[in-house]
Each structure stands twice: as structure tokens, then as C-alpha cells.
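> Contents of structure_21.cif (mmCIF, C-alpha atoms):
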data_query
#
loop_
_atom_site.group_PDB
_atom_site.id
_atom_site.type_symbol
_atom_site.label_atom_id
_atom_site.label_comp_id
_atom_site.auth_asym_id
_atom_site.auth_seq_id
_atom_site.Cartn_x
_atom_site.Cartn_y
_atom_site.Cartn_z
ATOM 1 C CA MET F 1 -0.532 -20.397 -70.505
ATOM 2 C CA GLU F 2 0.510 -18.107 -73.316
ATOM 3 C CA LEU F 3 4.005 -17.534 -74.617
ATOM 4 C CA SER F 4 4.063 -13.918 -73.380
ATOM 5 C CA ALA F 5 3.001 -15.052 -69.891
ATOM 6 C CA VAL F 6 5.826 -17.582 -69.687
ATOM 7 C CA LEU F 7 8.357 -15.017 -70.918
ATOM 8 C CA GLY F 8 7.051 -12.520 -68.381
ATOM 9 C CA LEU F 9 7.415 -14.994 -65.523
ATOM 10 C CA LEU F 10 10.933 -15.878 -66.619
ATOM 11 C CA SER F 11 11.903 -12.206 -66.826
ATOM 12 C CA GLN F 12 10.393 -11.405 -63.447
ATOM 13 C CA TYR F 13 11.436 -14.443 -61.396
ATOM 14 C CA GLY F 14 14.346 -15.936 -63.326
ATOM 15 C CA VAL F 15 15.472 -19.525 -63.193
ATOM 16 C CA LEU F 16 13.602 -20.498 -60.032
ATOM 17 C CA ILE F 17 10.247 -20.112 -61.767
ATOM 18 C CA LEU F 18 11.606 -22.213 -64.632
ATOM 19 C CA LEU F 19 12.003 -25.164 -62.271
ATOM 20 C CA VAL F 20 8.471 -24.677 -60.935
ATOM 21 C CA ILE F 21 6.875 -24.325 -64.380
ATOM 22 C CA THR F 22 8.631 -27.364 -65.843
ATOM 23 C CA CYS F 23 7.844 -29.425 -62.745
ATOM 24 C CA LEU F 24 4.145 -28.547 -63.057
ATOM 25 C CA GLU F 25 4.246 -29.236 -66.803
ATOM 26 C CA ALA F 26 5.740 -32.676 -66.153
ATOM 27 C CA MET F 27 2.906 -33.333 -63.708
ATOM 28 C CA ASN F 28 0.360 -32.614 -66.461
ATOM 29 C CA CYS F 29 -1.044 -29.578 -64.669
ATOM 30 C CA PRO F 30 -3.647 -27.677 -66.685
ATOM 31 C CA GLY F 31 -2.333 -24.569 -68.365
ATOM 32 C CA MET F 32 1.273 -25.744 -68.557
ATOM 33 C CA PRO F 33 1.656 -27.201 -72.067
ATOM 34 C CA ALA F 34 5.177 -28.218 -73.029
ATOM 35 C CA GLY F 35 4.563 -26.930 -76.555
ATOM 36 C CA ILE F 36 4.506 -23.390 -75.138
ATOM 37 C CA VAL F 37 6.625 -23.602 -71.998
ATOM 38 C CA LEU F 38 9.725 -25.224 -73.493
ATOM 39 C CA PRO F 39 10.002 -23.062 -76.638
ATOM 40 C CA ALA F 40 9.449 -19.975 -74.440
ATOM 41 C CA VAL F 41 12.466 -21.025 -72.388
ATOM 42 C CA GLY F 42 14.481 -21.284 -75.604
ATOM 43 C CA ILE F 43 13.337 -17.817 -76.722
ATOM 44 C CA TYR F 44 14.262 -16.447 -73.298
ATOM 45 C CA ALA F 45 17.727 -17.983 -73.608
ATOM 46 C CA ALA F 46 18.158 -16.661 -77.149
ATOM 47 C CA ASN F 47 17.483 -13.152 -75.856
ATOM 48 C CA GLY F 48 20.269 -13.403 -73.306
ATOM 49 C CA GLY F 49 18.179 -14.427 -70.295
ATOM 50 C CA MET F 50 20.401 -17.460 -69.655
ATOM 51 C CA SER F 51 22.618 -19.853 -71.544
ATOM 52 C CA ILE F 52 20.927 -22.475 -73.697
ATOM 53 C CA PHE F 53 22.813 -25.174 -71.781
ATOM 54 C CA LEU F 54 21.494 -23.903 -68.429
ATOM 55 C CA ALA F 55 17.978 -23.659 -69.862
ATOM 56 C CA ILE F 56 18.038 -27.281 -70.999
ATOM 57 C CA VAL F 57 19.551 -28.553 -67.742
ATOM 58 C CA LEU F 58 16.964 -26.682 -65.651
ATOM 59 C CA THR F 59 14.046 -27.951 -67.735
ATOM 60 C CA ILE F 60 15.330 -31.510 -67.297
ATOM 61 C CA ILE F 61 15.650 -31.015 -63.519
ATOM 62 C CA GLY F 62 12.134 -29.563 -63.357
ATOM 63 C CA GLY F 63 10.757 -32.374 -65.511
ATOM 64 C CA MET F 64 12.438 -35.031 -63.414
ATOM 65 C CA THR F 65 11.143 -33.456 -60.201
ATOM 66 C CA GLY F 66 7.572 -33.693 -61.504
ATOM 67 C CA THR F 67 8.239 -37.225 -62.698
ATOM 68 C CA VAL F 68 9.534 -38.357 -59.303
ATOM 69 C CA ILE F 69 6.509 -36.839 -57.548
ATOM 70 C CA LEU F 70 4.049 -38.620 -59.848
ATOM 71 C CA TYR F 71 5.963 -41.901 -59.665
ATOM 72 C CA LEU F 72 5.914 -41.769 -55.860
ATOM 73 C CA ILE F 73 2.196 -40.959 -55.819
ATOM 74 C CA GLY F 74 1.578 -43.956 -58.075
ATOM 75 C CA ARG F 75 3.834 -46.120 -55.946
ATOM 76 C CA ALA F 76 2.210 -45.041 -52.668
ATOM 77 C CA GLY F 77 -1.451 -45.249 -53.609
ATOM 78 C CA GLY F 78 -1.692 -46.773 -57.026
ATOM 79 C CA TYR F 79 -1.319 -50.389 -55.993
ATOM 80 C CA ARG F 80 -4.231 -50.181 -53.545
ATOM 81 C CA LEU F 81 -6.343 -48.430 -56.166
ATOM 82 C CA LEU F 82 -5.493 -51.103 -58.739
ATOM 83 C CA ASN F 83 -6.423 -53.884 -56.325
ATOM 84 C CA TRP F 84 -9.725 -52.173 -55.585
ATOM 85 C CA LEU F 85 -10.453 -51.778 -59.325
ATOM 86 C CA ASN F 86 -9.426 -55.385 -60.019
ATOM 87 C CA ARG F 87 -11.987 -56.631 -57.490
ATOM 88 C CA ARG F 88 -14.713 -54.540 -59.135
ATOM 89 C CA SER F 89 -14.346 -55.630 -62.742
ATOM 90 C CA GLU F 90 -12.869 -58.565 -64.632
ATOM 91 C CA LYS F 91 -12.263 -56.295 -67.645
ATOM 92 C CA LEU F 92 -10.286 -53.839 -65.550
ATOM 93 C CA ARG F 93 -8.311 -56.666 -63.957
ATOM 94 C CA LYS F 94 -7.316 -57.984 -67.397
ATOM 95 C CA ALA F 95 -6.492 -54.492 -68.646
ATOM 96 C CA ASN F 96 -4.343 -53.863 -65.572
ATOM 97 C CA GLU F 97 -2.523 -57.149 -66.084
ATOM 98 C CA ARG F 98 -1.780 -56.248 -69.713
ATOM 99 C CA CYS F 99 -0.584 -52.791 -68.694
ATOM 100 C CA SER F 100 1.641 -54.257 -65.992
ATOM 101 C CA GLU F 101 3.150 -56.788 -68.406
ATOM 102 C CA PHE F 102 3.634 -54.050 -70.989
ATOM 103 C CA LEU F 103 5.512 -51.837 -68.538
ATOM 104 C CA GLN F 104 7.588 -54.654 -67.034
ATOM 105 C CA LYS F 105 8.847 -56.261 -70.257
ATOM 106 C CA HIS F 106 11.537 -54.136 -71.939
ATOM 107 C CA SER F 107 10.466 -51.317 -69.642
ATOM 108 C CA PHE F 108 13.554 -49.162 -70.260
ATOM 109 C CA GLN F 109 12.918 -48.842 -73.992
ATOM 110 C CA LYS F 110 9.164 -48.393 -73.592
ATOM 111 C CA ILE F 111 9.549 -45.743 -70.923
ATOM 112 C CA PHE F 112 12.203 -43.906 -72.935
ATOM 113 C CA VAL F 113 9.908 -43.763 -75.973
ATOM 114 C CA GLY F 114 6.893 -42.962 -73.805
ATOM 115 C CA ARG F 115 8.696 -39.954 -72.308
ATOM 116 C CA ILE F 116 9.076 -38.501 -75.810
ATOM 117 C CA LEU F 117 5.435 -38.930 -76.881
ATOM 118 C CA PRO F 118 3.062 -36.047 -76.098
ATOM 119 C CA VAL F 119 0.352 -36.848 -73.535
ATOM 120 C CA VAL F 120 1.896 -40.261 -72.748
ATOM 121 C CA ARG F 121 4.975 -38.520 -71.341
ATOM 122 C CA THR F 122 3.056 -36.819 -68.550
ATOM 123 C CA LEU F 123 0.776 -39.750 -67.722
ATOM 124 C CA LEU F 124 3.388 -42.517 -67.633
ATOM 125 C CA PRO F 125 4.849 -41.999 -64.129
ATOM 126 C CA LEU F 126 1.598 -42.832 -62.289
ATOM 127 C CA PRO F 127 1.091 -46.338 -63.722
ATOM 128 C CA ALA F 128 4.842 -46.980 -63.611
ATOM 129 C CA GLY F 129 4.775 -46.307 -59.881
ATOM 130 C CA ALA F 130 1.558 -48.250 -59.343
ATOM 131 C CA PHE F 131 2.889 -51.288 -61.224
ATOM 132 C CA ARG F 132 6.183 -51.086 -59.326
ATOM 133 C CA VAL F 133 8.435 -50.593 -62.336
ATOM 134 C CA ASP F 134 12.078 -50.656 -61.187
ATOM 135 C CA PRO F 135 12.747 -47.088 -59.978
ATOM 136 C CA VAL F 136 16.339 -46.889 -61.227
ATOM 137 C CA SER F 137 15.398 -48.086 -64.696
ATOM 138 C CA PHE F 138 12.333 -45.830 -64.750
ATOM 139 C CA MET F 139 14.234 -42.718 -63.663
ATOM 140 C CA THR F 140 17.125 -43.337 -66.049
ATOM 141 C CA ALA F 141 14.841 -43.915 -69.043
ATOM 142 C CA SER F 142 12.736 -40.926 -68.014
ATOM 143 C CA ALA F 143 15.752 -38.638 -67.724
ATOM 144 C CA LEU F 144 16.992 -39.633 -71.179
ATOM 145 C CA GLY F 145 13.527 -39.269 -72.739
ATOM 146 C CA ILE F 146 12.919 -35.922 -71.043
ATOM 147 C CA ALA F 147 16.356 -34.724 -72.177
ATOM 148 C CA CYS F 148 15.638 -35.613 -75.810
ATOM 149 C CA TYR F 149 12.180 -34.013 -75.732
ATOM 150 C CA ASN F 150 13.364 -30.856 -73.988
ATOM 151 C CA ILE F 151 16.417 -30.402 -76.195
ATOM 152 C CA VAL F 152 14.185 -30.428 -79.278
ATOM 153 C CA PHE F 153 11.583 -28.002 -77.907
ATOM 154 C CA VAL F 154 13.935 -25.630 -76.076
ATOM 155 C CA GLY F 155 16.274 -25.752 -79.087
ATOM 156 C CA ALA F 156 13.415 -24.872 -81.450
ATOM 157 C CA GLY F 157 12.504 -21.900 -79.269
ATOM 158 C CA TYR F 158 16.124 -20.835 -79.108
ATOM 159 C CA PHE F 159 16.458 -21.031 -82.882
ATOM 160 C CA LEU F 160 13.235 -19.074 -83.469
ATOM 161 C CA GLY F 161 14.095 -16.544 -80.786
ATOM 162 C CA TYR F 162 17.509 -16.036 -82.283
ATOM 163 C CA LEU F 163 16.056 -15.542 -85.776
ATOM 164 C CA PHE F 164 13.005 -13.415 -85.086
ATOM 165 C CA VAL F 165 13.521 -11.484 -81.883
#
What does the file become when written as C-alpha cells?


Amino acid sequence: MELSAVLGLLSQYGVLILLVITCLEAMNCPGMPAGIVLPAVGIYAANGGMSIFLAIVLTIIGGMTGTVILYLIGRAGGYRLLNWLNRRSEKLRKANERCSEFLQKHSFQKIFVGRILPVVRTLLPLPAGAFRVDPVSFMTASALGIACYNIVFVGAGYFLGYLFV
């Protein structure tokens, strides 16, 4: 999705589309890259479309909605899939055990950092759900990580939109 397309959607549909776009971006949907979506929201805010505070809050709500959906998908079907894979291959079983241990030990810090890293941030909820990471810890760390990530990207768009538009 291009910057002009995101700005057009925001202008036409307002804040509701912002929740949809950021939810889809958090779910790693093709065509919804955070590197375009979030700065576009900042540019939109800089041009008077909404307050920067509202823009950041809405992107966090959209991101958390996508995160909850993926976590629940992982929680509902991931465990059965992992068991099936574990029966098929010793290598996969060992890899799954390492991944589970990785996510369980100091999970709050790892999830927080993971929610800031590109690519990892959108893939993390599925294995976290499948490996039954504590939901409260996962959601809290995710919300903080998403907030940090979104503040930087929306803020950068706001700054650039304020300077150049």
C-alpha cells in the first residue's frame, strides 16, 4: 500500500479505517507495511486530520486487536499443529521445545523486545498462543512494545508532515 493510498483512505473514512488498517498490519497482512501505514497516520495528524495523541492511541488499539486475534488463533489451533509436527520430525520437536523454552523464560522482556523488531513483531503472537505463553504477560508486553514502535513511526510521520506538507 502506498502512502497516498493510506492518506486517501484516512481522508475518506476517518478514524474507523485507521483501526482496520492497523489491525490488518498487526496481523501481517500483505500490503499493509507498518513503515508506510504508521508514518502516513502521523502525516495525516500533522495536517489536522486528528490529534497526534488520538492517532497513537488508535494505532495501538488496532495493533492490539490484531495481536489478540493472532494469539487466539495460535492458542486455539497451534498446539494441535505443534503436536502433529512433533510426531513427524525429531528436528521439529527439538526446535519447538527450544522455541517454547525461549518464550516461557523471561517471556515479558522477550515479547516486549520482539514487538519492537520488524517482522518478528507481526509473527510473534501465533507461537506465543501455540506455546501457551501467559496471556496477561503477553498482552501487557505486547501493548508496551506496540506503543513504543508506533510512537516512533507515527511521530516520525507527524514530524515530516509538519515540516514538509

> Any chance you could resolve the PyMOL selection byres ((chain F and resi 22-27) around 7) against this file and give the residues as a compact mmCIF listing (two decimals) with C-alpha atoms, in the coordinates of the input?


# COMPACT_ATOMS: atom_id res chain seq x y z
CA LEU F 18 11.61 -22.21 -64.63
CA LEU F 19 12.00 -25.16 -62.27
CA VAL F 20 8.47 -24.68 -60.94
CA ILE F 21 6.88 -24.32 -64.38
CA ASN F 28 0.36 -32.61 -66.46
CA CYS F 29 -1.04 -29.58 -64.67
CA MET F 32 1.27 -25.74 -68.56
CA PRO F 33 1.66 -27.20 -72.07
CA ALA F 34 5.18 -28.22 -73.03
CA THR F 59 14.05 -27.95 -67.74
CA GLY F 62 12.13 -29.56 -63.36
CA GLY F 63 10.76 -32.37 -65.51
CA THR F 65 11.14 -33.46 -60.20
CA GLY F 66 7.57 -33.69 -61.50
CA THR F 67 8.24 -37.22 -62.70
CA LEU F 70 4.05 -38.62 -59.85
CA THR F 122 3.06 -36.82 -68.55

> To one decimal place in Å, what is the distance between atom CA of F:Gly78 and atom CA of F:Phe131?

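Pair atom CA of F:Gly78 / atom CA of F:Phe131 returns 7.7 Å.
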
> Neighbours of F:Gly48 within 12 Å (only C-alpha atoms; same-chain residues fewer than 6 positions away dropped), as a count of residues only?

11

> Would you pick out the contacts of F:Gly157 at 10 Å or less, using only C-alpha atoms, so that residues sharing its chain but fewer than 3 positions from it are not included, and give the list as number ranges by chain?

F: 35-46, 151-154, 160-163

> Would you kindly translate the PyMOL selection byres ((chain F and resi 99-109) around 6) into the concrete residues it picks from this file, as an MDAnalysis selection string?

chainID F and resid 96:98 110:112 131 137 141

> Go through F:Val68, F:Ile73, F:Gly129, F:Gly155 one by one, measure the shortest atom-to-atom distance of each to F:Ser51 using all atoms listed in the file, and give the residue with the smallest value.

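Ranked by minimum distance to F:Ser51, first place goes to F:Gly155.
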
> At what distance in Å, to one decimal, does atom CA of F:Pro30 lie from atom CA of F:Gly8?

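Going from atom CA of F:Gly8 over to atom CA of F:Pro30, I get 18.6 Å.
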
> Since the input lacks atoms, please generate N, CA and C atoms for stretch 14-40 of chain F and provide them as an mmCIF file, in the frame of the given file.


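Final output, saved to selection_32.cif:
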data_model
loop_
_atom_site.group_PDB
_atom_site.id
_atom_site.type_symbol
_atom_site.label_atom_id
_atom_site.label_comp_id
_atom_site.auth_asym_id
_atom_site.auth_seq_id
_atom_site.Cartn_x
_atom_site.Cartn_y
_atom_site.Cartn_z
ATOM 1 N N GLY F 14 13.107 -15.262 -62.960
ATOM 2 C CA GLY F 14 14.346 -15.936 -63.326
ATOM 3 C C GLY F 14 14.253 -17.448 -63.317
ATOM 4 N N VAL F 15 15.364 -18.083 -63.031
ATOM 5 C CA VAL F 15 15.472 -19.525 -63.193
ATOM 6 C C VAL F 15 14.661 -20.318 -62.187
ATOM 7 N N LEU F 16 14.378 -19.759 -61.022
ATOM 8 C CA LEU F 16 13.602 -20.498 -60.032
ATOM 9 C C LEU F 16 12.207 -20.826 -60.565
ATOM 10 N N ILE F 17 11.589 -19.866 -61.220
ATOM 11 C CA ILE F 17 10.247 -20.112 -61.767
ATOM 12 C C ILE F 17 10.312 -21.145 -62.884
ATOM 13 N N LEU F 18 11.437 -21.220 -63.570
ATOM 14 C CA LEU F 18 11.606 -22.213 -64.632
ATOM 15 C C LEU F 18 11.499 -23.627 -64.054
ATOM 16 N N LEU F 19 12.092 -23.853 -62.917
ATOM 17 C CA LEU F 19 12.003 -25.164 -62.271
ATOM 18 C C LEU F 19 10.559 -25.480 -61.875
ATOM 19 N N VAL F 20 9.863 -24.481 -61.351
ATOM 20 C CA VAL F 20 8.471 -24.677 -60.935
ATOM 21 C C VAL F 20 7.584 -24.968 -62.141
ATOM 22 N N ILE F 21 7.720 -24.162 -63.186
ATOM 23 C CA ILE F 21 6.875 -24.325 -64.380
ATOM 24 C C ILE F 21 7.113 -25.683 -65.028
ATOM 25 N N THR F 22 8.368 -26.079 -65.181
ATOM 26 C CA THR F 22 8.631 -27.364 -65.843
ATOM 27 C C THR F 22 8.251 -28.545 -64.957
ATOM 28 N N CYS F 23 8.315 -28.373 -63.647
ATOM 29 C CA CYS F 23 7.844 -29.425 -62.745
ATOM 30 C C CYS F 23 6.337 -29.595 -62.896
ATOM 31 N N LEU F 24 5.602 -28.488 -62.898
ATOM 32 C CA LEU F 24 4.145 -28.547 -63.057
ATOM 33 C C LEU F 24 3.759 -29.089 -64.434
ATOM 34 N N GLU F 25 4.511 -28.725 -65.450
ATOM 35 C CA GLU F 25 4.246 -29.236 -66.803
ATOM 36 C C GLU F 25 4.438 -30.740 -66.834
ATOM 37 N N ALA F 26 5.479 -31.234 -66.181
ATOM 38 C CA ALA F 26 5.740 -32.676 -66.153
ATOM 39 C C ALA F 26 4.666 -33.425 -65.379
ATOM 40 N N MET F 27 3.977 -32.716 -64.485
ATOM 41 C CA MET F 27 2.906 -33.333 -63.708
ATOM 42 C C MET F 27 1.552 -33.184 -64.399
ATOM 43 N N ASN F 28 1.567 -32.722 -65.645
ATOM 44 C CA ASN F 28 0.360 -32.614 -66.461
ATOM 45 C C ASN F 28 -0.653 -31.637 -65.874
ATOM 46 N N CYS F 29 -0.152 -30.584 -65.239
ATOM 47 C CA CYS F 29 -1.044 -29.578 -64.669
ATOM 48 C C CYS F 29 -1.687 -28.760 -65.790
ATOM 49 N N PRO F 30 -2.961 -28.478 -65.659
ATOM 50 C CA PRO F 30 -3.647 -27.677 -66.685
ATOM 51 C C PRO F 30 -2.981 -26.313 -66.846
ATOM 52 N N GLY F 31 -2.900 -25.879 -68.074
ATOM 53 C CA GLY F 31 -2.333 -24.569 -68.365
ATOM 54 C C GLY F 31 -0.835 -24.539 -68.518
ATOM 55 N N MET F 32 -0.181 -25.688 -68.453
ATOM 56 C CA MET F 32 1.273 -25.744 -68.557
ATOM 57 C C MET F 32 1.706 -26.630 -69.726
ATOM 58 N N PRO F 33 1.295 -26.325 -70.945
ATOM 59 C CA PRO F 33 1.656 -27.201 -72.067
ATOM 60 C C PRO F 33 3.128 -27.068 -72.462
ATOM 61 N N ALA F 34 3.765 -28.203 -72.654
ATOM 62 C CA ALA F 34 5.177 -28.218 -73.029
ATOM 63 C C ALA F 34 5.409 -27.506 -74.355
ATOM 64 N N GLY F 35 4.427 -27.570 -75.249
ATOM 65 C CA GLY F 35 4.563 -26.930 -76.555
ATOM 66 C C GLY F 35 4.683 -25.421 -76.478
ATOM 67 N N ILE F 36 4.342 -24.835 -75.338
ATOM 68 C CA ILE F 36 4.506 -23.390 -75.138
ATOM 69 C C ILE F 36 5.635 -23.120 -74.155
ATOM 70 N N VAL F 37 5.651 -23.857 -73.061
ATOM 71 C CA VAL F 37 6.625 -23.602 -71.998
ATOM 72 C C VAL F 37 8.059 -23.791 -72.496
ATOM 73 N N LEU F 38 8.337 -24.922 -73.100
ATOM 74 C CA LEU F 38 9.725 -25.224 -73.493
ATOM 75 C C LEU F 38 10.255 -24.299 -74.594
ATOM 76 N N PRO F 39 9.495 -24.035 -75.665
ATOM 77 C CA PRO F 39 10.002 -23.062 -76.638
ATOM 78 C C PRO F 39 10.177 -21.658 -76.041
ATOM 79 N N ALA F 40 9.305 -21.281 -75.093
ATOM 80 C CA ALA F 40 9.449 -19.975 -74.440
ATOM 81 C C ALA F 40 10.772 -19.890 -73.691
#
